[in-house]
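Enquirer: For reference, the file protein01.txt (compact mmCIF, N, CA and C atoms) is included below:
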# COMPACT_ATOMS: atom_id res chain seq x y z
N MET A 129 98.09 98.86 90.87
CA MET A 129 98.95 99.03 92.03
C MET A 129 98.21 98.48 93.25
N ASP A 130 98.91 97.80 94.07
CA ASP A 130 98.34 97.19 95.27
C ASP A 130 97.89 98.26 96.26
N ILE A 131 96.68 98.12 96.78
CA ILE A 131 96.12 99.11 97.72
C ILE A 131 96.94 99.19 98.99
N ARG A 132 97.60 98.09 99.37
CA ARG A 132 98.45 98.11 100.57
C ARG A 132 99.63 99.07 100.38
N LYS A 133 100.17 99.11 99.15
CA LYS A 133 101.27 100.04 98.87
C LYS A 133 100.79 101.48 98.98
N VAL A 134 99.60 101.74 98.45
CA VAL A 134 99.07 103.10 98.50
C VAL A 134 98.85 103.52 99.95
N LYS A 135 98.27 102.64 100.76
CA LYS A 135 98.05 102.95 102.17
C LYS A 135 99.38 103.20 102.88
N LYS A 136 100.39 102.40 102.59
CA LYS A 136 101.71 102.57 103.21
C LYS A 136 102.33 103.90 102.80
N LEU A 137 102.16 104.27 101.52
CA LEU A 137 102.67 105.57 101.06
C LEU A 137 102.00 106.72 101.78
N ILE A 138 100.69 106.61 101.99
CA ILE A 138 99.96 107.65 102.71
C ILE A 138 100.49 107.77 104.13
N GLU A 139 100.71 106.63 104.79
CA GLU A 139 101.26 106.64 106.14
C GLU A 139 102.64 107.29 106.17
N LEU A 140 103.48 106.97 105.20
CA LEU A 140 104.82 107.53 105.15
C LEU A 140 104.79 109.04 104.94
N ILE A 141 103.88 109.51 104.09
CA ILE A 141 103.77 110.95 103.87
C ILE A 141 103.32 111.63 105.14
N GLU A 142 102.35 111.05 105.84
CA GLU A 142 101.88 111.64 107.09
C GLU A 142 102.99 111.69 108.13
N GLU A 143 103.81 110.66 108.20
CA GLU A 143 104.88 110.59 109.20
C GLU A 143 106.05 111.50 108.84
N SER A 144 106.35 111.65 107.56
CA SER A 144 107.57 112.34 107.15
C SER A 144 107.42 113.83 106.94
N GLY A 145 106.23 114.30 106.65
CA GLY A 145 106.06 115.71 106.37
C GLY A 145 106.32 116.04 104.91
N ILE A 146 106.54 115.04 104.06
CA ILE A 146 106.72 115.27 102.63
C ILE A 146 105.40 115.79 102.06
N ALA A 147 105.47 116.79 101.19
CA ALA A 147 104.26 117.41 100.65
C ALA A 147 103.64 116.58 99.53
N GLU A 148 104.45 115.94 98.70
CA GLU A 148 103.89 115.23 97.55
C GLU A 148 104.85 114.13 97.11
N ILE A 149 104.27 113.03 96.61
CA ILE A 149 105.07 111.93 96.05
C ILE A 149 104.29 111.34 94.90
N GLU A 150 105.01 110.95 93.84
CA GLU A 150 104.39 110.31 92.70
C GLU A 150 105.16 109.04 92.40
N ILE A 151 104.44 107.93 92.27
CA ILE A 151 105.03 106.63 92.00
C ILE A 151 104.44 106.10 90.70
N LYS A 152 105.30 105.58 89.81
CA LYS A 152 104.84 104.98 88.57
C LYS A 152 105.34 103.55 88.51
N GLU A 153 104.44 102.62 88.23
CA GLU A 153 104.79 101.22 88.02
C GLU A 153 104.20 100.82 86.68
N GLY A 154 105.03 100.76 85.66
CA GLY A 154 104.53 100.44 84.33
C GLY A 154 103.56 101.51 83.86
N GLU A 155 102.34 101.11 83.50
CA GLU A 155 101.33 102.06 83.05
C GLU A 155 100.55 102.67 84.20
N GLU A 156 100.67 102.11 85.41
CA GLU A 156 99.94 102.61 86.56
C GLU A 156 100.76 103.66 87.29
N SER A 157 100.08 104.67 87.81
CA SER A 157 100.77 105.67 88.61
C SER A 157 99.83 106.18 89.68
N VAL A 158 100.43 106.68 90.76
CA VAL A 158 99.65 107.27 91.86
C VAL A 158 100.41 108.49 92.34
N ARG A 159 99.67 109.57 92.56
CA ARG A 159 100.25 110.80 93.11
C ARG A 159 99.50 111.11 94.39
N ILE A 160 100.25 111.26 95.46
CA ILE A 160 99.68 111.59 96.76
C ILE A 160 100.27 112.92 97.17
N SER A 161 99.38 113.88 97.43
CA SER A 161 99.88 115.18 97.86
C SER A 161 99.09 115.64 99.07
N ARG A 162 99.78 116.43 99.86
CA ARG A 162 99.17 116.93 101.08
C ARG A 162 99.28 118.44 101.04
N GLY A 163 98.13 119.12 101.09
CA GLY A 163 98.11 120.57 101.04
C GLY A 163 97.63 121.13 102.36
N PRO A 164 97.70 122.47 102.49
CA PRO A 164 97.22 123.09 103.72
C PRO A 164 95.71 122.96 103.87
N ILE A 165 95.27 122.94 105.09
CA ILE A 165 93.84 122.85 105.38
C ILE A 165 93.24 124.24 105.24
N ALA A 166 92.21 124.37 104.39
CA ALA A 166 91.58 125.68 104.18
C ALA A 166 90.40 125.81 105.12
N THR A 167 90.21 127.01 105.65
CA THR A 167 89.09 127.29 106.56
C THR A 167 88.26 128.40 105.94
N TYR A 168 86.95 128.18 105.83
CA TYR A 168 86.05 129.16 105.25
C TYR A 168 84.89 129.40 106.20
N ALA A 169 84.38 130.62 106.17
CA ALA A 169 83.17 130.94 106.93
C ALA A 169 82.07 131.28 105.93
N VAL A 170 80.89 130.74 106.13
CA VAL A 170 79.76 131.01 105.24
C VAL A 170 78.90 132.07 105.88
N THR A 171 78.56 133.08 105.11
CA THR A 171 77.70 134.14 105.62
C THR A 171 76.32 134.02 105.00
N ALA A 172 75.30 134.49 105.69
CA ALA A 172 73.93 134.37 105.23
C ALA A 172 73.64 135.26 104.02
N PRO A 173 73.88 136.56 104.08
CA PRO A 173 73.56 137.37 102.92
C PRO A 173 74.58 137.16 101.81
N PRO A 174 74.13 137.00 100.55
CA PRO A 174 75.06 136.74 99.46
C PRO A 174 75.94 137.94 99.13
N ILE A 175 75.57 139.15 99.57
CA ILE A 175 76.34 140.35 99.26
C ILE A 175 77.56 140.47 100.19
N ALA A 176 77.48 139.94 101.39
CA ALA A 176 78.56 140.09 102.37
C ALA A 176 79.80 139.32 101.92
N ALA A 177 80.94 139.87 102.24
CA ALA A 177 82.21 139.21 101.93
C ALA A 177 82.46 138.08 102.93
N PRO A 178 83.11 137.00 102.49
CA PRO A 178 83.41 135.90 103.43
C PRO A 178 84.37 136.37 104.52
N ILE A 179 84.18 135.80 105.70
CA ILE A 179 85.01 136.13 106.85
C ILE A 179 86.08 135.05 106.97
N ALA A 180 87.33 135.46 106.90
CA ALA A 180 88.43 134.50 107.05
C ALA A 180 88.70 134.30 108.53
N THR A 181 88.76 133.03 108.93
CA THR A 181 89.04 132.72 110.32
C THR A 181 90.43 132.13 110.42
N PRO A 182 91.19 132.50 111.44
CA PRO A 182 92.52 131.92 111.58
C PRO A 182 92.41 130.44 111.94
N PRO A 183 93.39 129.63 111.54
CA PRO A 183 93.33 128.22 111.88
C PRO A 183 93.43 128.02 113.39
N SER A 184 92.71 127.00 113.85
CA SER A 184 92.75 126.68 115.27
C SER A 184 94.11 126.07 115.62
N PRO A 185 94.46 126.01 116.91
CA PRO A 185 95.75 125.39 117.28
C PRO A 185 95.86 123.94 116.81
N ILE A 186 94.72 123.25 116.78
CA ILE A 186 94.75 121.85 116.34
C ILE A 186 95.09 121.79 114.86
N GLU A 187 94.45 122.66 114.03
CA GLU A 187 94.75 122.68 112.60
C GLU A 187 96.19 123.11 112.35
N SER A 188 96.70 124.07 113.11
CA SER A 188 98.08 124.52 112.95
C SER A 188 99.04 123.40 113.26
N ALA A 189 98.76 122.63 114.29
CA ALA A 189 99.63 121.50 114.64
C ALA A 189 99.59 120.43 113.56
N ALA A 190 98.42 120.26 112.91
CA ALA A 190 98.29 119.25 111.86
C ALA A 190 99.12 119.62 110.63
N LEU A 191 99.38 120.90 110.41
CA LEU A 191 100.16 121.33 109.26
C LEU A 191 101.65 121.13 109.45
N GLU A 192 102.11 121.00 110.68
CA GLU A 192 103.53 120.83 110.95
C GLU A 192 103.90 119.36 110.81
N PRO A 193 105.09 119.06 110.27
CA PRO A 193 105.48 117.67 110.10
C PRO A 193 105.60 116.95 111.44
N ALA A 194 105.24 115.67 111.41
CA ALA A 194 105.30 114.86 112.62
C ALA A 194 106.75 114.58 113.02
N MET A 195 107.64 114.46 112.03
CA MET A 195 109.05 114.22 112.31
C MET A 195 109.86 115.00 111.29
N PRO A 196 111.10 115.29 111.57
CA PRO A 196 111.92 116.03 110.61
C PRO A 196 112.07 115.24 109.31
N VAL A 197 112.06 115.93 108.18
CA VAL A 197 112.18 115.29 106.89
C VAL A 197 113.53 114.57 106.77
N GLU A 198 114.57 115.09 107.42
CA GLU A 198 115.90 114.49 107.33
C GLU A 198 115.93 113.09 107.93
N ALA A 199 114.98 112.75 108.79
CA ALA A 199 114.98 111.45 109.45
C ALA A 199 114.60 110.33 108.49
N VAL A 200 113.94 110.66 107.38
CA VAL A 200 113.49 109.65 106.43
C VAL A 200 114.35 109.75 105.18
N HIS A 201 114.85 108.61 104.72
CA HIS A 201 115.69 108.57 103.53
C HIS A 201 115.11 107.52 102.58
N VAL A 202 114.94 107.89 101.32
CA VAL A 202 114.39 106.98 100.33
C VAL A 202 115.51 106.48 99.43
N ILE A 203 115.57 105.16 99.25
CA ILE A 203 116.51 104.56 98.31
C ILE A 203 115.73 104.37 97.01
N ALA A 204 116.20 104.98 95.94
CA ALA A 204 115.52 104.92 94.65
C ALA A 204 116.29 104.01 93.68
N ALA A 205 115.58 103.54 92.67
CA ALA A 205 116.19 102.67 91.67
C ALA A 205 117.15 103.48 90.80
N PRO A 206 118.39 103.03 90.67
CA PRO A 206 119.35 103.76 89.84
C PRO A 206 119.22 103.43 88.35
N MET A 207 118.30 102.51 88.03
CA MET A 207 118.14 102.07 86.63
C MET A 207 116.77 101.44 86.44
N VAL A 208 116.41 101.21 85.21
CA VAL A 208 115.18 100.51 84.86
C VAL A 208 115.50 99.01 84.86
N GLY A 209 114.60 98.20 85.38
CA GLY A 209 114.82 96.76 85.38
C GLY A 209 113.77 96.03 86.19
N THR A 210 114.10 94.82 86.59
CA THR A 210 113.20 93.99 87.39
C THR A 210 113.76 93.88 88.80
N PHE A 211 112.91 94.13 89.79
CA PHE A 211 113.29 94.14 91.21
C PHE A 211 113.24 92.73 91.77
N TYR A 212 114.33 92.32 92.44
CA TYR A 212 114.36 91.04 93.14
C TYR A 212 114.83 91.30 94.57
N ASN A 213 114.07 90.78 95.55
CA ASN A 213 114.42 91.02 96.94
C ASN A 213 115.34 89.96 97.53
N ALA A 214 115.69 88.94 96.74
CA ALA A 214 116.55 87.85 97.22
C ALA A 214 117.47 87.41 96.09
N PRO A 215 118.59 86.76 96.42
CA PRO A 215 119.52 86.33 95.37
C PRO A 215 118.97 85.20 94.50
N SER A 216 118.01 84.41 95.03
CA SER A 216 117.37 83.34 94.25
C SER A 216 115.96 83.14 94.80
N PRO A 217 115.09 82.49 94.03
CA PRO A 217 113.70 82.31 94.50
C PRO A 217 113.58 81.54 95.82
N GLU A 218 114.53 80.65 96.12
CA GLU A 218 114.47 79.87 97.35
C GLU A 218 115.08 80.58 98.54
N SER A 219 115.84 81.63 98.30
CA SER A 219 116.57 82.32 99.36
C SER A 219 115.68 83.28 100.14
N GLU A 220 116.14 83.62 101.33
CA GLU A 220 115.49 84.64 102.16
C GLU A 220 115.76 86.01 101.54
N PRO A 221 114.83 86.98 101.73
CA PRO A 221 115.07 88.33 101.22
C PRO A 221 116.33 88.95 101.84
N PHE A 222 116.95 89.86 101.10
CA PHE A 222 118.13 90.55 101.61
C PHE A 222 117.78 91.33 102.87
N VAL A 223 116.63 92.05 102.86
CA VAL A 223 116.21 92.85 104.01
C VAL A 223 114.71 92.70 104.23
N ARG A 224 114.30 92.98 105.46
CA ARG A 224 112.88 92.98 105.83
C ARG A 224 112.58 94.29 106.56
N ILE A 225 111.31 94.63 106.63
CA ILE A 225 110.90 95.82 107.37
C ILE A 225 111.29 95.65 108.83
N GLY A 226 111.89 96.70 109.40
CA GLY A 226 112.34 96.66 110.78
C GLY A 226 113.79 96.24 110.94
N GLN A 227 114.42 95.80 109.87
CA GLN A 227 115.80 95.33 109.94
C GLN A 227 116.76 96.52 109.90
N LEU A 228 117.81 96.43 110.71
CA LEU A 228 118.87 97.45 110.73
C LEU A 228 119.85 97.12 109.61
N VAL A 229 120.17 98.11 108.78
CA VAL A 229 121.14 97.93 107.71
C VAL A 229 122.27 98.93 107.87
N SER A 230 123.42 98.56 107.37
CA SER A 230 124.59 99.44 107.40
C SER A 230 124.88 99.93 106.00
N GLU A 231 125.62 101.00 105.91
CA GLU A 231 126.03 101.52 104.61
C GLU A 231 126.81 100.43 103.87
N GLY A 232 126.44 100.16 102.64
CA GLY A 232 127.10 99.14 101.83
C GLY A 232 126.40 97.79 101.83
N ASP A 233 125.41 97.58 102.71
CA ASP A 233 124.66 96.32 102.71
C ASP A 233 123.80 96.22 101.45
N THR A 234 123.72 95.02 100.87
CA THR A 234 122.89 94.80 99.69
C THR A 234 121.43 94.76 100.12
N LEU A 235 120.60 95.58 99.46
CA LEU A 235 119.17 95.65 99.77
C LEU A 235 118.34 94.82 98.81
N CYS A 236 118.75 94.78 97.54
CA CYS A 236 118.01 94.05 96.52
C CYS A 236 118.89 93.89 95.29
N ILE A 237 118.31 93.29 94.26
CA ILE A 237 118.97 93.17 92.97
C ILE A 237 118.01 93.73 91.93
N ILE A 238 118.55 94.49 90.99
CA ILE A 238 117.75 94.92 89.84
C ILE A 238 118.39 94.29 88.60
N GLU A 239 117.57 93.48 87.91
CA GLU A 239 118.04 92.84 86.69
C GLU A 239 117.78 93.78 85.52
N ALA A 240 118.83 94.11 84.78
CA ALA A 240 118.71 94.95 83.60
C ALA A 240 119.52 94.31 82.48
N MET A 241 118.88 94.00 81.40
CA MET A 241 119.54 93.39 80.24
C MET A 241 120.29 92.12 80.63
N LYS A 242 119.64 91.29 81.43
CA LYS A 242 120.18 90.00 81.88
C LYS A 242 121.39 90.13 82.79
N ILE A 243 121.64 91.33 83.31
CA ILE A 243 122.73 91.54 84.26
C ILE A 243 122.12 91.83 85.62
N MET A 244 122.58 91.11 86.65
CA MET A 244 122.08 91.29 88.01
C MET A 244 122.91 92.38 88.70
N ASN A 245 122.26 93.48 89.05
CA ASN A 245 122.94 94.62 89.66
C ASN A 245 122.53 94.74 91.12
N PRO A 246 123.47 94.49 92.06
CA PRO A 246 123.11 94.64 93.48
C PRO A 246 122.94 96.11 93.82
N ILE A 247 121.89 96.43 94.58
CA ILE A 247 121.63 97.79 95.04
C ILE A 247 121.97 97.82 96.52
N GLU A 248 122.89 98.72 96.88
CA GLU A 248 123.39 98.79 98.25
C GLU A 248 122.84 100.01 98.97
N SER A 249 122.79 99.90 100.29
CA SER A 249 122.35 101.01 101.13
C SER A 249 123.43 102.08 101.15
N ASP A 250 123.01 103.33 101.04
CA ASP A 250 123.98 104.42 101.08
C ASP A 250 124.04 105.08 102.45
N ARG A 251 123.35 104.48 103.43
CA ARG A 251 123.43 104.97 104.81
C ARG A 251 123.01 103.88 105.77
N THR A 252 123.33 104.07 107.04
CA THR A 252 122.95 103.15 108.09
C THR A 252 121.59 103.57 108.64
N GLY A 253 120.73 102.60 108.92
CA GLY A 253 119.42 102.90 109.47
C GLY A 253 118.55 101.66 109.50
N THR A 254 117.26 101.88 109.77
CA THR A 254 116.29 100.80 109.86
C THR A 254 115.36 100.87 108.66
N ILE A 255 115.12 99.73 108.02
CA ILE A 255 114.18 99.66 106.90
C ILE A 255 112.77 99.85 107.45
N THR A 256 112.09 100.90 107.02
CA THR A 256 110.72 101.15 107.48
C THR A 256 109.68 100.81 106.43
N ALA A 257 110.10 100.68 105.16
CA ALA A 257 109.16 100.31 104.11
C ALA A 257 109.90 99.72 102.93
N VAL A 258 109.29 98.70 102.34
CA VAL A 258 109.73 98.14 101.06
C VAL A 258 108.60 98.46 100.10
N LEU A 259 108.87 99.28 99.09
CA LEU A 259 107.83 99.85 98.25
C LEU A 259 107.59 99.10 96.94
N VAL A 260 108.35 98.02 96.71
CA VAL A 260 108.21 97.26 95.46
C VAL A 260 108.11 95.78 95.82
N GLU A 261 107.27 95.05 95.06
CA GLU A 261 107.13 93.62 95.29
C GLU A 261 108.13 92.86 94.43
N ASN A 262 108.52 91.70 94.90
CA ASN A 262 109.49 90.86 94.23
C ASN A 262 109.01 90.51 92.81
N GLY A 263 109.92 90.68 91.84
CA GLY A 263 109.61 90.32 90.46
C GLY A 263 108.93 91.40 89.65
N TYR A 264 108.65 92.55 90.25
CA TYR A 264 107.97 93.64 89.54
C TYR A 264 108.99 94.53 88.84
N PRO A 265 108.60 95.12 87.69
CA PRO A 265 109.50 96.06 87.02
C PRO A 265 109.58 97.38 87.79
N VAL A 266 110.74 98.02 87.71
CA VAL A 266 110.93 99.33 88.34
C VAL A 266 111.44 100.31 87.29
N GLU A 267 111.12 101.57 87.52
CA GLU A 267 111.55 102.67 86.66
C GLU A 267 112.76 103.37 87.28
N TYR A 268 113.44 104.16 86.48
CA TYR A 268 114.56 104.96 86.96
C TYR A 268 114.08 105.94 88.03
N GLU A 269 114.77 105.99 89.17
CA GLU A 269 114.49 106.84 90.32
C GLU A 269 113.16 106.52 91.01
N GLN A 270 112.60 105.33 90.79
CA GLN A 270 111.40 104.91 91.52
C GLN A 270 111.82 104.55 92.94
N PRO A 271 111.10 105.04 93.96
CA PRO A 271 111.44 104.69 95.34
C PRO A 271 111.32 103.18 95.58
N LEU A 272 112.33 102.62 96.21
CA LEU A 272 112.35 101.18 96.52
C LEU A 272 112.21 100.91 98.01
N PHE A 273 112.98 101.65 98.83
CA PHE A 273 113.03 101.43 100.26
C PHE A 273 112.97 102.78 100.98
N VAL A 274 112.46 102.74 102.21
CA VAL A 274 112.50 103.91 103.09
C VAL A 274 113.32 103.49 104.30
N ILE A 275 114.32 104.33 104.64
CA ILE A 275 115.21 104.05 105.76
C ILE A 275 115.11 105.20 106.75
N ASP A 276 114.93 104.87 108.03
CA ASP A 276 114.94 105.88 109.11
C ASP A 276 116.30 105.92 109.74
Show me this structure written as structure tokens.

Expert:
Amino acid sequence: MDIRKVKKLIELIEESGIAEIEIKEGEESVRISRGPIATYAVTAPPIAAPIATPPSPIESAALEPAMPVEAVHVIAAPMVGTFYNAPSPESEPFVRIGQLVSEGDTLCIIEAMKIMNPIESDRTGTITAVLVENGYPVEYEQPLFVID
């Protein structure tokens, strides 16, 4: 899996407040999860019980999502196949990051059993991430696009 994709996924998780995401591409997979920050106090004598300290305001703010989860929408693959971002190799991609799309706009094509299946946007918004590279295989319900 391309390290740029992993970095982008980490950024998306930080921005969205999603707790965990798992992506599989063929035999490769990556799981990114975000848990609460634990705070511990170390005491000198081994017999003494640890002292729990409340999280600081900075740590408490870090646990809250940066934006509402509803603001981010993921378009997932409805089938297994090969992802194509354009109608032909010479053509421009259907969408690019930062592009505004409307409900019903074609985002990509997934080829399954030699049939080209257009994948359409199910909402209006801005493309904030394209999570699959052109020509790569995709799995059922694998995230393809992120729309704000």

Enquirer: By how many Å are atom C of Met241 of chain A and atom C of Glu150 of chain A apart?

Expert: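 Value for the atom C of Met241 of chain A-atom C of Glu150 of chain A distance: 25.6 Å.
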
Enquirer: Contacts of Pro271 of chain A at 6.5 Å or less, counting all atoms listed in the file, minus same-chain residues fewer than 6 places along, as a list in words?

Expert: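 In the requested format, the answer is Val202, Ile203, Ala204, Ala205, Leu259 and Val260 of chain A.
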
Enquirer: Go ahead and compute the interatomic distance for atom N of Ala240 of chain A and atom CA of Arg159 of chain A, in Å to one decimal.

Expert: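 Result for atom N of Ala240 of chain A versus atom CA of Arg159 of chain A: 26.3 Å, one decimal.
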
Enquirer: So how far away is atom C of Ser249 of chain A from atom C of Asp233 of chain A, in Å?

Expert: 5.9 Å

Enquirer: Take the point (111.4, 103.7, 107.9) as written in the file and pick out every residue within 8 Å of it, counting all atoms listed in the file; give the list as a VMD selection string.

Expert: chain A and resid 199 to 201 225 to 226 253 to 258 273 to 276

Enquirer: Considering all atoms listed in the file, return as a ChimeraX atom specification whatever protein or nucleic-acid residues lie within 7 Å of Ile160 of chain A, sequence-local ones (same chain, fewer than 3 positions apart) excluded.

Expert: /A:147-151

Enquirer: For Val208 of chain A, which residue out of A:Asp250, A:Glu239, A:Glu139, A:Glu231 is the nearest one, using only N, CA and C atoms?

Expert: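 That would be A:Glu239, the residue with the smallest distance to Val208 of chain A.
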
Enquirer: Point out the residue among A:Gly263, A:Lys152, A:Asn245, A:Gln270 with the least atom-to-atom distance to Phe211 of chain A, counting only C-alpha atoms.

Expert: A:Gly263

Enquirer: I need the residues of segment 187-275 of chain A that end up classed as strand (DSSP E or B) by DSSP on the backbone, written out as a PyMOL selection string.

Expert: chain A and resi 201-204+209-212+228-229+234-240+243-248+253-258+265-266+271-275

Enquirer: Emit the selected residues as a CSV table (one decimal), keeping the file's coordinate frame, including N, CA and C atoms.

Expert:
chain,number,residue,atom,x,y,z
A,201,HIS,N,114.8,108.6,104.7
A,201,HIS,CA,115.7,108.6,103.5
A,201,HIS,C,115.1,107.5,102.6
A,202,VAL,N,114.9,107.9,101.3
A,202,VAL,CA,114.4,107.0,100.3
A,202,VAL,C,115.5,106.5,99.4
A,203,ILE,N,115.6,105.2,99.2
A,203,ILE,CA,116.5,104.6,98.3
A,203,ILE,C,115.7,104.4,97.0
A,204,ALA,N,116.2,105.0,95.9
A,204,ALA,CA,115.5,104.9,94.6
A,204,ALA,C,116.3,104.0,93.7
A,209,GLY,N,114.6,98.2,85.4
A,209,GLY,CA,114.8,96.8,85.4
A,209,GLY,C,113.8,96.0,86.2
A,210,THR,N,114.1,94.8,86.6
A,210,THR,CA,113.2,94.0,87.4
A,210,THR,C,113.8,93.9,88.8
A,211,PHE,N,112.9,94.1,89.8
A,211,PHE,CA,113.3,94.1,91.2
A,211,PHE,C,113.2,92.7,91.8
A,212,TYR,N,114.3,92.3,92.4
A,212,TYR,CA,114.4,91.0,93.1
A,212,TYR,C,114.8,91.3,94.6
A,228,LEU,N,117.8,96.4,110.7
A,228,LEU,CA,118.9,97.4,110.7
A,228,LEU,C,119.8,97.1,109.6
A,229,VAL,N,120.2,98.1,108.8
A,229,VAL,CA,121.1,97.9,107.7
A,229,VAL,C,122.3,98.9,107.9
A,234,THR,N,123.7,95.0,100.9
A,234,THR,CA,122.9,94.8,99.7
A,234,THR,C,121.4,94.8,100.1
A,235,LEU,N,120.6,95.6,99.5
A,235,LEU,CA,119.2,95.6,99.8
A,235,LEU,C,118.3,94.8,98.8
A,236,CYS,N,118.8,94.8,97.5
A,236,CYS,CA,118.0,94.0,96.5
A,236,CYS,C,118.9,93.9,95.3
A,237,ILE,N,118.3,93.3,94.3
A,237,ILE,CA,119.0,93.2,93.0
A,237,ILE,C,118.0,93.7,91.9
A,238,ILE,N,118.6,94.5,91.0
A,238,ILE,CA,117.8,94.9,89.8
A,238,ILE,C,118.4,94.3,88.6
A,239,GLU,N,117.6,93.5,87.9
A,239,GLU,CA,118.0,92.8,86.7
A,239,GLU,C,117.8,93.8,85.5
A,240,ALA,N,118.8,94.1,84.8
A,240,ALA,CA,118.7,95.0,83.6
A,240,ALA,C,119.5,94.3,82.5
A,243,ILE,N,121.6,91.3,83.3
A,243,ILE,CA,122.7,91.5,84.3
A,243,ILE,C,122.1,91.8,85.6
A,244,MET,N,122.6,91.1,86.6
A,244,MET,CA,122.1,91.3,88.0
A,244,MET,C,122.9,92.4,88.7
A,245,ASN,N,122.3,93.5,89.0
A,245,ASN,CA,122.9,94.6,89.7
A,245,ASN,C,122.5,94.7,91.1
A,246,PRO,N,123.5,94.5,92.1
A,246,PRO,CA,123.1,94.6,93.5
A,246,PRO,C,122.9,96.1,93.8
A,247,ILE,N,121.9,96.4,94.6
A,247,ILE,CA,121.6,97.8,95.0
A,247,ILE,C,122.0,97.8,96.5
A,248,GLU,N,122.9,98.7,96.9
A,248,GLU,CA,123.4,98.8,98.2
A,248,GLU,C,122.8,100.0,99.0
A,253,GLY,N,120.7,102.6,108.9
A,253,GLY,CA,119.4,102.9,109.5
A,253,GLY,C,118.6,101.7,109.5
A,254,THR,N,117.3,101.9,109.8
A,254,THR,CA,116.3,100.8,109.9
A,254,THR,C,115.4,100.9,108.7
A,255,ILE,N,115.1,99.7,108.0
A,255,ILE,CA,114.2,99.7,106.9
A,255,ILE,C,112.8,99.8,107.4
A,256,THR,N,112.1,100.9,107.0
A,256,THR,CA,110.7,101.2,107.5
A,256,THR,C,109.7,100.8,106.4
A,257,ALA,N,110.1,100.7,105.2
A,257,ALA,CA,109.2,100.3,104.1
A,257,ALA,C,109.9,99.7,102.9
A,258,VAL,N,109.3,98.7,102.3
A,258,VAL,CA,109.7,98.1,101.1
A,258,VAL,C,108.6,98.5,100.1
A,265,PRO,N,108.6,95.1,87.7
A,265,PRO,CA,109.5,96.1,87.0
A,265,PRO,C,109.6,97.4,87.8
A,266,VAL,N,110.7,98.0,87.7
A,266,VAL,CA,110.9,99.3,88.3
A,266,VAL,C,111.4,100.3,87.3
A,271,PRO,N,111.1,105.0,94.0
A,271,PRO,CA,111.4,104.7,95.3
A,271,PRO,C,111.3,103.2,95.6
A,272,LEU,N,112.3,102.6,96.2
A,272,LEU,CA,112.4,101.2,96.5
A,272,LEU,C,112.2,100.9,98.0
A,273,PHE,N,113.0,101.6,98.8
A,273,PHE,CA,113.0,101.4,100.3
A,273,PHE,C,113.0,102.8,101.0
A,274,VAL,N,112.5,102.7,102.2
A,274,VAL,CA,112.5,103.9,103.1
A,274,VAL,C,113.3,103.5,104.3
A,275,ILE,N,114.3,104.3,104.6
A,275,ILE,CA,115.2,104.0,105.8
A,275,ILE,C,115.1,105.2,106.8

Enquirer: Skipping near chain neighbours, those fewer than 6 positions away, what residues fall within 8 Å of segment 153-157 of chain A using only N, CA and C atoms, listed as an MDAnalysis selection string?

Expert: chainID A and resid 129 264:267

Enquirer: Of the candidates A:Asn213, A:Gln227, A:Thr234, A:Ser219, which shows the shortest atom-to-atom distance to Asn262 of chain A, using only C-alpha atoms?

Expert: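 Comparing A:Asn213, A:Gln227, A:Thr234, A:Ser219 against Asn262 of chain A, the winner is A:Asn213.
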